[in-house]
file work29.txt (compact mmCIF, N, CA and C atoms)
# COMPACT_ATOMS: atom_id res chain seq x y z
N MET E 11 -10.89 -1.14 1.30
CA MET E 11 -10.11 -0.36 2.24
C MET E 11 -10.72 1.04 2.29
N MET E 12 -10.99 1.47 3.49
CA MET E 12 -11.59 2.79 3.67
C MET E 12 -10.54 3.89 3.44
N GLU E 13 -11.01 5.05 3.02
CA GLU E 13 -10.12 6.18 2.73
C GLU E 13 -9.28 6.56 3.95
N GLN E 14 -9.87 6.54 5.13
CA GLN E 14 -9.13 6.91 6.34
C GLN E 14 -7.95 5.96 6.57
N HIS E 15 -8.16 4.67 6.37
CA HIS E 15 -7.07 3.70 6.53
C HIS E 15 -5.96 3.96 5.51
N LEU E 16 -6.34 4.25 4.29
CA LEU E 16 -5.36 4.56 3.25
C LEU E 16 -4.56 5.82 3.62
N GLN E 17 -5.24 6.83 4.13
CA GLN E 17 -4.55 8.06 4.54
C GLN E 17 -3.60 7.80 5.72
N GLU E 18 -3.98 6.92 6.63
CA GLU E 18 -3.09 6.58 7.76
C GLU E 18 -1.83 5.89 7.26
N ILE E 19 -1.97 4.99 6.30
CA ILE E 19 -0.80 4.30 5.72
C ILE E 19 0.08 5.32 5.02
N GLU E 20 -0.53 6.22 4.25
CA GLU E 20 0.24 7.25 3.55
C GLU E 20 1.00 8.14 4.55
N ALA E 21 0.38 8.47 5.66
CA ALA E 21 1.04 9.31 6.67
C ALA E 21 2.24 8.57 7.28
N ARG E 22 2.08 7.28 7.58
CA ARG E 22 3.21 6.51 8.11
C ARG E 22 4.34 6.42 7.09
N ALA E 23 3.98 6.22 5.83
CA ALA E 23 5.01 6.13 4.78
C ALA E 23 5.73 7.47 4.62
N ALA E 24 4.99 8.55 4.69
CA ALA E 24 5.61 9.88 4.55
C ALA E 24 6.54 10.19 5.72
N ALA E 25 6.21 9.68 6.91
CA ALA E 25 7.02 9.95 8.10
C ALA E 25 8.26 9.05 8.19
N ALA E 26 8.28 7.97 7.44
CA ALA E 26 9.40 7.03 7.50
C ALA E 26 10.65 7.64 6.85
N SER E 27 11.77 7.08 7.19
CA SER E 27 13.04 7.53 6.60
C SER E 27 12.99 7.35 5.09
N PRO E 28 13.73 8.21 4.36
CA PRO E 28 13.67 8.14 2.89
C PRO E 28 14.30 6.86 2.34
N ALA E 29 13.80 6.46 1.21
CA ALA E 29 14.36 5.29 0.51
C ALA E 29 15.60 5.73 -0.25
N PRO E 30 16.45 4.83 -0.66
CA PRO E 30 16.38 3.40 -0.39
C PRO E 30 16.96 3.06 0.98
N TRP E 31 16.52 1.92 1.49
CA TRP E 31 17.08 1.40 2.72
C TRP E 31 18.10 0.33 2.34
N ALA E 32 19.17 0.23 3.10
CA ALA E 32 20.24 -0.72 2.75
C ALA E 32 21.00 -1.11 4.01
N PRO E 33 21.75 -2.23 3.93
CA PRO E 33 22.61 -2.59 5.06
C PRO E 33 23.66 -1.50 5.29
N ASP E 34 24.00 -1.29 6.55
CA ASP E 34 25.05 -0.34 6.90
C ASP E 34 26.36 -0.88 6.35
N PRO E 35 26.99 -0.20 5.38
CA PRO E 35 28.19 -0.76 4.75
C PRO E 35 29.36 -0.93 5.72
N GLU E 36 29.50 -0.04 6.69
CA GLU E 36 30.59 -0.17 7.65
C GLU E 36 30.38 -1.37 8.54
N ARG E 37 29.18 -1.53 9.04
CA ARG E 37 28.90 -2.65 9.94
C ARG E 37 28.87 -3.97 9.17
N HIS E 38 28.35 -3.96 7.97
CA HIS E 38 28.22 -5.20 7.19
C HIS E 38 29.57 -5.85 6.94
N SER E 39 30.58 -5.06 6.74
CA SER E 39 31.89 -5.64 6.44
C SER E 39 32.76 -5.82 7.68
N SER E 40 32.24 -5.48 8.86
CA SER E 40 33.07 -5.55 10.06
C SER E 40 33.06 -6.94 10.67
N GLU E 41 34.03 -7.18 11.52
CA GLU E 41 34.12 -8.45 12.23
C GLU E 41 32.95 -8.60 13.18
N ASP E 42 32.46 -7.48 13.73
CA ASP E 42 31.32 -7.52 14.65
C ASP E 42 30.11 -8.16 13.99
N TRP E 43 29.86 -7.86 12.71
CA TRP E 43 28.74 -8.45 12.01
C TRP E 43 28.92 -9.95 11.87
N ILE E 44 30.11 -10.37 11.55
CA ILE E 44 30.39 -11.79 11.37
C ILE E 44 30.16 -12.55 12.67
N VAL E 45 30.57 -11.98 13.79
CA VAL E 45 30.42 -12.64 15.09
C VAL E 45 28.97 -12.61 15.56
N SER E 46 28.32 -11.46 15.49
CA SER E 46 26.97 -11.33 16.05
C SER E 46 25.88 -11.80 15.11
N GLY E 47 26.10 -11.70 13.82
CA GLY E 47 25.07 -12.05 12.85
C GLY E 47 23.94 -11.05 12.78
N VAL E 48 24.12 -9.87 13.37
CA VAL E 48 23.10 -8.84 13.35
C VAL E 48 23.43 -7.83 12.25
N GLU E 49 22.46 -7.60 11.40
CA GLU E 49 22.62 -6.65 10.30
C GLU E 49 21.94 -5.35 10.68
N VAL E 50 22.62 -4.24 10.52
CA VAL E 50 22.03 -2.92 10.78
C VAL E 50 21.61 -2.33 9.43
N LEU E 51 20.34 -1.92 9.36
CA LEU E 51 19.81 -1.34 8.13
C LEU E 51 19.65 0.16 8.32
N ARG E 52 20.05 0.90 7.30
CA ARG E 52 20.00 2.37 7.36
C ARG E 52 19.25 2.92 6.15
N ALA E 53 18.70 4.11 6.33
CA ALA E 53 18.01 4.81 5.25
C ALA E 53 19.03 5.54 4.39
N ALA E 54 18.58 6.11 3.29
CA ALA E 54 19.45 6.84 2.37
C ALA E 54 20.17 7.99 3.06
N ASP E 55 19.52 8.58 4.08
CA ASP E 55 20.14 9.69 4.79
C ASP E 55 21.01 9.23 5.97
N GLY E 56 21.21 7.91 6.12
CA GLY E 56 22.04 7.37 7.18
C GLY E 56 21.31 7.07 8.47
N GLU E 57 20.02 7.43 8.53
CA GLU E 57 19.24 7.18 9.74
C GLU E 57 19.04 5.69 9.96
N PHE E 58 19.13 5.26 11.23
CA PHE E 58 18.91 3.87 11.60
C PHE E 58 17.49 3.46 11.25
N VAL E 59 17.33 2.28 10.63
CA VAL E 59 16.02 1.76 10.29
C VAL E 59 15.69 0.56 11.17
N ALA E 60 16.59 -0.43 11.22
CA ALA E 60 16.31 -1.65 11.97
C ALA E 60 17.58 -2.47 12.12
N GLU E 61 17.51 -3.41 13.05
CA GLU E 61 18.53 -4.45 13.17
C GLU E 61 17.84 -5.76 12.86
N VAL E 62 18.47 -6.56 12.05
CA VAL E 62 17.92 -7.87 11.71
C VAL E 62 18.93 -8.91 12.12
N GLY E 63 18.51 -9.78 12.99
CA GLY E 63 19.39 -10.85 13.42
C GLY E 63 18.62 -12.14 13.55
N TYR E 64 19.23 -13.22 13.13
CA TYR E 64 18.62 -14.53 13.21
C TYR E 64 19.72 -15.53 12.96
N PRO E 65 19.79 -16.59 13.76
CA PRO E 65 20.89 -17.54 13.59
C PRO E 65 20.92 -18.23 12.23
N ASP E 66 19.76 -18.37 11.61
CA ASP E 66 19.66 -19.05 10.32
C ASP E 66 19.84 -18.01 9.21
N LEU E 67 20.96 -18.08 8.49
CA LEU E 67 21.28 -17.08 7.47
C LEU E 67 20.20 -16.92 6.41
N PRO E 68 19.64 -17.99 5.81
CA PRO E 68 18.59 -17.77 4.81
C PRO E 68 17.38 -17.02 5.37
N ALA E 69 16.99 -17.31 6.60
CA ALA E 69 15.85 -16.61 7.19
C ALA E 69 16.19 -15.14 7.41
N ARG E 70 17.40 -14.85 7.84
CA ARG E 70 17.82 -13.46 8.05
C ARG E 70 17.82 -12.73 6.72
N GLU E 71 18.33 -13.36 5.68
CA GLU E 71 18.36 -12.73 4.36
C GLU E 71 16.95 -12.44 3.85
N ALA E 72 16.02 -13.36 4.09
CA ALA E 72 14.63 -13.14 3.66
C ALA E 72 14.00 -11.98 4.41
N LYS E 73 14.24 -11.91 5.72
CA LYS E 73 13.70 -10.80 6.51
C LYS E 73 14.31 -9.48 6.05
N MET E 74 15.60 -9.48 5.83
CA MET E 74 16.26 -8.25 5.36
C MET E 74 15.69 -7.80 4.02
N ALA E 75 15.53 -8.73 3.11
CA ALA E 75 15.01 -8.37 1.78
C ALA E 75 13.62 -7.76 1.90
N PHE E 76 12.78 -8.34 2.76
CA PHE E 76 11.42 -7.82 2.94
C PHE E 76 11.46 -6.41 3.53
N ILE E 77 12.23 -6.22 4.59
CA ILE E 77 12.29 -4.91 5.23
C ILE E 77 12.87 -3.86 4.28
N LEU E 78 13.94 -4.22 3.59
CA LEU E 78 14.57 -3.25 2.68
C LEU E 78 13.64 -2.85 1.55
N ALA E 79 12.89 -3.79 1.02
CA ALA E 79 11.99 -3.49 -0.10
C ALA E 79 10.70 -2.82 0.35
N SER E 80 10.34 -2.98 1.62
CA SER E 80 9.04 -2.48 2.08
C SER E 80 8.89 -0.98 1.92
N ARG E 81 9.94 -0.23 2.11
CA ARG E 81 9.85 1.24 2.01
C ARG E 81 9.39 1.66 0.63
N GLU E 82 9.97 1.08 -0.39
CA GLU E 82 9.59 1.43 -1.76
C GLU E 82 8.32 0.69 -2.19
N ASP E 83 8.13 -0.55 -1.70
CA ASP E 83 6.93 -1.31 -2.06
C ASP E 83 5.67 -0.64 -1.56
N VAL E 84 5.68 -0.14 -0.32
CA VAL E 84 4.49 0.51 0.23
C VAL E 84 4.13 1.74 -0.60
N SER E 85 5.11 2.53 -0.96
CA SER E 85 4.84 3.72 -1.78
C SER E 85 4.27 3.32 -3.14
N ALA E 86 4.83 2.28 -3.74
CA ALA E 86 4.33 1.82 -5.04
C ALA E 86 2.89 1.30 -4.92
N LEU E 87 2.62 0.54 -3.88
CA LEU E 87 1.27 0.01 -3.69
C LEU E 87 0.26 1.11 -3.42
N LEU E 88 0.64 2.11 -2.64
CA LEU E 88 -0.26 3.25 -2.40
C LEU E 88 -0.58 3.96 -3.71
N GLY E 89 0.43 4.15 -4.55
CA GLY E 89 0.20 4.77 -5.85
C GLY E 89 -0.75 3.96 -6.72
N GLU E 90 -0.60 2.64 -6.68
CA GLU E 90 -1.48 1.77 -7.48
C GLU E 90 -2.91 1.81 -6.94
N VAL E 91 -3.08 1.82 -5.64
CA VAL E 91 -4.43 1.92 -5.06
C VAL E 91 -5.08 3.22 -5.50
N ARG E 92 -4.35 4.31 -5.44
CA ARG E 92 -4.90 5.61 -5.87
C ARG E 92 -5.26 5.58 -7.36
N ARG E 93 -4.39 5.00 -8.18
CA ARG E 93 -4.65 4.92 -9.63
C ARG E 93 -5.91 4.10 -9.90
N LEU E 94 -6.04 2.96 -9.22
CA LEU E 94 -7.21 2.10 -9.44
C LEU E 94 -8.49 2.76 -8.93
N ARG E 95 -8.39 3.50 -7.84
CA ARG E 95 -9.57 4.22 -7.35
C ARG E 95 -10.03 5.27 -8.36
N GLU E 96 -9.08 5.97 -8.97
CA GLU E 96 -9.43 6.95 -9.99
C GLU E 96 -10.10 6.27 -11.18
N ALA E 97 -9.59 5.10 -11.57
CA ALA E 97 -10.18 4.36 -12.69
C ALA E 97 -11.60 3.91 -12.33
N LEU E 98 -11.79 3.42 -11.10
CA LEU E 98 -13.12 3.01 -10.67
C LEU E 98 -14.08 4.20 -10.66
N ALA E 99 -13.60 5.34 -10.22
CA ALA E 99 -14.45 6.53 -10.21
C ALA E 99 -14.87 6.90 -11.62
N ALA E 100 -13.94 6.80 -12.57
CA ALA E 100 -14.27 7.11 -13.96
C ALA E 100 -15.32 6.15 -14.50
N VAL E 101 -15.17 4.86 -14.18
CA VAL E 101 -16.16 3.87 -14.61
C VAL E 101 -17.50 4.17 -13.94
N GLY E 102 -17.46 4.53 -12.66
CA GLY E 102 -18.70 4.85 -11.95
C GLY E 102 -19.42 6.03 -12.55
N HIS E 103 -18.67 7.08 -12.92
CA HIS E 103 -19.30 8.26 -13.54
C HIS E 103 -19.91 7.89 -14.89
N TRP E 104 -19.23 7.07 -15.66
CA TRP E 104 -19.78 6.63 -16.94
C TRP E 104 -21.04 5.82 -16.70
N ALA E 105 -20.96 4.87 -15.74
CA ALA E 105 -22.11 4.02 -15.46
C ALA E 105 -23.30 4.85 -14.99
N LEU E 106 -23.04 5.85 -14.16
CA LEU E 106 -24.13 6.70 -13.66
C LEU E 106 -24.83 7.41 -14.81
N ALA E 107 -24.07 7.81 -15.80
CA ALA E 107 -24.64 8.54 -16.94
C ALA E 107 -25.32 7.61 -17.95
N HIS E 108 -24.92 6.33 -18.02
CA HIS E 108 -25.37 5.47 -19.10
C HIS E 108 -26.19 4.25 -18.69
N MET E 109 -26.31 3.95 -17.43
CA MET E 109 -27.00 2.73 -17.02
C MET E 109 -28.24 3.05 -16.21
N GLU E 110 -29.18 2.15 -16.28
CA GLU E 110 -30.38 2.26 -15.43
C GLU E 110 -29.98 2.02 -13.99
N GLY E 111 -30.75 2.53 -13.04
CA GLY E 111 -30.43 2.51 -11.61
C GLY E 111 -30.06 1.16 -11.04
N GLY E 112 -30.88 0.14 -11.25
CA GLY E 112 -30.61 -1.18 -10.67
C GLY E 112 -29.33 -1.78 -11.22
N LEU E 113 -29.12 -1.67 -12.52
CA LEU E 113 -27.90 -2.18 -13.14
C LEU E 113 -26.69 -1.40 -12.64
N TYR E 114 -26.85 -0.08 -12.51
CA TYR E 114 -25.75 0.76 -12.01
C TYR E 114 -25.33 0.29 -10.62
N ARG E 115 -26.30 0.10 -9.72
CA ARG E 115 -25.95 -0.33 -8.36
C ARG E 115 -25.26 -1.70 -8.36
N ARG E 116 -25.66 -2.59 -9.23
CA ARG E 116 -25.01 -3.90 -9.30
C ARG E 116 -23.57 -3.77 -9.79
N VAL E 117 -23.34 -2.93 -10.78
CA VAL E 117 -21.98 -2.71 -11.28
C VAL E 117 -21.10 -2.10 -10.18
N VAL E 118 -21.60 -1.09 -9.49
CA VAL E 118 -20.84 -0.46 -8.41
C VAL E 118 -20.54 -1.47 -7.31
N ALA E 119 -21.51 -2.31 -6.98
CA ALA E 119 -21.31 -3.31 -5.93
C ALA E 119 -20.20 -4.28 -6.29
N VAL E 120 -20.08 -4.61 -7.57
CA VAL E 120 -19.03 -5.52 -8.01
C VAL E 120 -17.68 -4.80 -8.03
N LEU E 121 -17.64 -3.59 -8.57
CA LEU E 121 -16.39 -2.87 -8.71
C LEU E 121 -15.84 -2.36 -7.39
N ASP E 122 -16.71 -1.90 -6.51
CA ASP E 122 -16.25 -1.31 -5.24
C ASP E 122 -17.29 -1.58 -4.16
N PRO E 123 -17.23 -2.76 -3.53
CA PRO E 123 -18.24 -3.14 -2.55
C PRO E 123 -18.35 -2.18 -1.37
N GLY E 124 -17.31 -1.40 -1.08
CA GLY E 124 -17.34 -0.48 0.05
C GLY E 124 -18.07 0.81 -0.23
N GLU E 125 -18.36 1.08 -1.48
CA GLU E 125 -19.02 2.34 -1.85
C GLU E 125 -20.52 2.10 -2.03
N ALA E 126 -21.32 2.98 -1.51
CA ALA E 126 -22.76 2.90 -1.69
C ALA E 126 -23.12 3.67 -2.96
N ALA E 127 -23.87 3.03 -3.81
CA ALA E 127 -24.30 3.68 -5.04
C ALA E 127 -25.41 4.67 -4.73
N PRO E 128 -25.43 5.81 -5.42
CA PRO E 128 -26.53 6.77 -5.22
C PRO E 128 -27.85 6.11 -5.58
N ASP E 129 -28.90 6.51 -4.92
CA ASP E 129 -30.22 5.97 -5.19
C ASP E 129 -30.64 6.36 -6.61
N ALA E 130 -31.13 5.40 -7.36
CA ALA E 130 -31.49 5.65 -8.75
C ALA E 130 -32.61 6.69 -8.86
N ARG E 131 -33.54 6.70 -7.89
CA ARG E 131 -34.63 7.68 -7.96
C ARG E 131 -34.10 9.10 -7.89
N SER E 132 -33.12 9.35 -7.01
CA SER E 132 -32.58 10.71 -6.91
C SER E 132 -31.77 11.06 -8.15
N ARG E 133 -31.17 10.06 -8.77
CA ARG E 133 -30.38 10.30 -9.98
C ARG E 133 -31.28 10.56 -11.16
N GLN E 134 -32.40 9.80 -11.26
CA GLN E 134 -33.26 9.89 -12.44
C GLN E 134 -34.46 10.79 -12.23
N GLY E 135 -34.70 11.19 -10.97
CA GLY E 135 -35.82 12.07 -10.70
C GLY E 135 -37.16 11.38 -10.79
N GLY E 136 -37.20 10.08 -10.56
CA GLY E 136 -38.47 9.37 -10.63
C GLY E 136 -38.35 7.99 -10.01
N GLU E 137 -39.17 7.09 -10.49
CA GLU E 137 -39.17 5.72 -9.98
C GLU E 137 -37.93 4.97 -10.45
N GLU E 138 -37.48 4.07 -9.58
CA GLU E 138 -36.30 3.26 -9.90
C GLU E 138 -36.65 2.25 -10.98
N THR E 139 -35.71 2.02 -11.91
CA THR E 139 -35.86 0.98 -12.90
C THR E 139 -34.82 -0.08 -12.66
N THR E 140 -35.19 -1.33 -12.90
CA THR E 140 -34.23 -2.42 -12.68
C THR E 140 -34.02 -3.23 -13.91
call {"tool": "encode", "arguments": {"input": "work29.txt", "output": "structure tokens"}}
result
Amino acid sequence: MMEQHLQEIEARAAAASPAPWAPDPERHSSEDWIVSGVEVLRAADGEFVAEVGYPDLPAREAKMAFILASREDVSALLGEVRRLREALAAVGHWALAHMEGGLYRRVVAVLDPGEAAPDARSRQGGEETT
């Protein structure tokens, strides 16, 4: 995943209503909900998030669970991606300092295929070793 794509996801998550998201308690217990089968989901600040409706109750419950969890799941996944990228960078810096050029490029290619490894000649100031 490219950095720009990750930043776009982070921007959408930051712009979304605050967590947690939950069914509207007033609507959930009303007769209107029982008749229509439409669930209104709201953010922690009361802002409207979505309406979920489907004639099949198990399918509606599954969709609701996914939507409700997505707000917190996306934030958690973004944090994990950032943490893993930092760990990969640390491994890359160690590898750059301790491995020969060809081996270093192979390790980087396995750990992070989207990143281009620095040329070993520029790193070592001479001919590449493999």
call {"tool": "atom_distance", "arguments": {"input": "work29.txt", "atom1": "atom C of E:Ile19", "atom2": "atom C of E:Leu87"}}
result
9.4 Å
call {"tool": "atom_distance", "arguments": {"input": "work29.txt", "atom1": "atom CA of E:Leu98", "atom2": "atom CA of E:Ala29"}}
result
29.8 Å
call {"tool": "closest_residue", "arguments": {"input": "work29.txt", "among": "E:Val59, E:Ala26, E:Pro35, E:Gly112", "to": "E:Ile77", "atoms": "only C-alpha atoms"}}
result
E:Val59
call {"tool": "atom_distance", "arguments": {"input": "work29.txt", "atom1": "atom CA of E:Glu82", "atom2": "atom CA of E:Ala24"}}
result
11.3 Å
call {"tool": "residues_around", "arguments": {"input": "work29.txt", "residues": "stretch 51-55 of chain E", "least_positions_apart": "3", "cutoff": "5 Å", "atoms": "all atoms listed in the file", "output": "PyMOL selection string"}}
result
chain E and resi 28-34+58-61
call {"tool": "closest_residue", "arguments": {"input": "work29.txt", "among": "E:Val48, E:Ala23, E:Ala97, E:Val120", "to": "E:Arg81", "atoms": "only C-alpha atoms"}}
result
E:Ala23
call {"tool": "closest_residue", "arguments": {"input": "work29.txt", "among": "E:Glu49, E:Ser27, E:Ala75, E:Arg93", "to": "E:Gly63", "atoms": "only N, CA and C atoms"}}
result
E:Glu49
call {"tool": "closest_residue", "arguments": {"input": "work29.txt", "among": "E:Val62, E:Ala99, E:Leu113, E:Ala25", "to": "E:Phe76", "atoms": "only C-alpha atoms"}}
result
E:Val62
call {"tool": "build_atoms", "arguments": {"input": "work29.txt", "residues": "stretch 97-108 of chain E", "atoms": "all heavy atoms", "output": "CSV table (one decimal), in the coordinates of the input"}}
result
chain,number,residue,atom,x,y,z
E,97,ALA,N,-9.6,5.1,-11.6
E,97,ALA,CA,-10.2,4.4,-12.7
E,97,ALA,C,-11.6,3.9,-12.3
E,97,ALA,O,-12.5,4.0,-13.2
E,97,ALA,CB,-9.3,3.2,-13.1
E,98,LEU,N,-11.8,3.4,-11.1
E,98,LEU,CA,-13.1,3.0,-10.7
E,98,LEU,C,-14.1,4.2,-10.7
E,98,LEU,O,-15.2,4.1,-11.0
E,98,LEU,CB,-13.1,2.4,-9.3
E,98,LEU,CG,-12.6,0.9,-9.2
E,98,LEU,CD1,-12.4,0.5,-7.8
E,98,LEU,CD2,-13.5,0.0,-10.0
E,99,ALA,N,-13.6,5.3,-10.2
E,99,ALA,CA,-14.4,6.5,-10.2
E,99,ALA,C,-14.9,6.9,-11.6
E,99,ALA,O,-16.0,7.3,-11.9
E,99,ALA,CB,-13.7,7.7,-9.5
E,100,ALA,N,-13.9,6.8,-12.6
E,100,ALA,CA,-14.3,7.1,-14.0
E,100,ALA,C,-15.3,6.2,-14.5
E,100,ALA,O,-16.3,6.6,-15.2
E,100,ALA,CB,-13.0,7.1,-14.8
E,101,VAL,N,-15.2,4.9,-14.2
E,101,VAL,CA,-16.2,3.9,-14.6
E,101,VAL,C,-17.5,4.2,-13.9
E,101,VAL,O,-18.6,4.1,-14.6
E,101,VAL,CB,-15.7,2.4,-14.3
E,101,VAL,CG1,-16.8,1.4,-14.4
E,101,VAL,CG2,-14.5,2.1,-15.1
E,102,GLY,N,-17.5,4.5,-12.7
E,102,GLY,CA,-18.7,4.8,-12.0
E,102,GLY,C,-19.4,6.0,-12.6
E,102,GLY,O,-20.6,6.0,-12.7
E,103,HIS,N,-18.7,7.1,-12.9
E,103,HIS,CA,-19.3,8.3,-13.5
E,103,HIS,C,-19.9,7.9,-14.9
E,103,HIS,O,-21.0,8.3,-15.2
E,103,HIS,CB,-18.3,9.4,-13.7
E,103,HIS,CG,-17.8,10.0,-12.4
E,103,HIS,ND1,-18.7,10.5,-11.5
E,103,HIS,CD2,-16.6,10.1,-11.9
E,103,HIS,CE1,-18.0,11.0,-10.4
E,103,HIS,NE2,-16.8,10.7,-10.6
E,104,TRP,N,-19.2,7.1,-15.7
E,104,TRP,CA,-19.8,6.6,-16.9
E,104,TRP,C,-21.0,5.8,-16.7
E,104,TRP,O,-22.1,6.0,-17.4
E,104,TRP,CB,-18.8,5.8,-17.7
E,104,TRP,CG,-19.3,5.3,-19.0
E,104,TRP,CD1,-19.2,6.0,-20.2
E,104,TRP,CD2,-20.0,4.1,-19.3
E,104,TRP,NE1,-19.8,5.2,-21.2
E,104,TRP,CE2,-20.4,4.1,-20.6
E,104,TRP,CE3,-20.4,3.1,-18.5
E,104,TRP,CZ2,-21.1,3.0,-21.2
E,104,TRP,CZ3,-21.2,2.0,-19.0
E,104,TRP,CH2,-21.5,2.0,-20.4
E,105,ALA,N,-21.0,4.9,-15.7
E,105,ALA,CA,-22.1,4.0,-15.5
E,105,ALA,C,-23.3,4.8,-15.0
E,105,ALA,O,-24.4,4.6,-15.4
E,105,ALA,CB,-21.7,3.0,-14.4
E,106,LEU,N,-23.0,5.8,-14.2
E,106,LEU,CA,-24.1,6.7,-13.7
E,106,LEU,C,-24.8,7.4,-14.8
E,106,LEU,O,-26.0,7.6,-14.8
E,106,LEU,CB,-23.6,7.7,-12.7
E,106,LEU,CG,-24.5,8.6,-11.9
E,106,LEU,CD1,-25.5,7.8,-11.1
E,106,LEU,CD2,-23.8,9.6,-11.0
E,107,ALA,N,-24.1,7.8,-15.8
E,107,ALA,CA,-24.6,8.5,-16.9
E,107,ALA,C,-25.3,7.6,-18.0
E,107,ALA,O,-26.2,8.1,-18.7
E,107,ALA,CB,-23.5,9.3,-17.6
E,108,HIS,N,-24.9,6.3,-18.0
E,108,HIS,CA,-25.4,5.5,-19.1
E,108,HIS,C,-26.2,4.2,-18.7
E,108,HIS,O,-26.7,3.6,-19.6
E,108,HIS,CB,-24.2,5.0,-19.9
E,108,HIS,CG,-23.5,6.1,-20.6
E,108,HIS,ND1,-22.4,6.8,-20.0
E,108,HIS,CD2,-23.7,6.7,-21.8
E,108,HIS,CE1,-22.0,7.8,-20.9
E,108,HIS,NE2,-22.8,7.7,-22.0
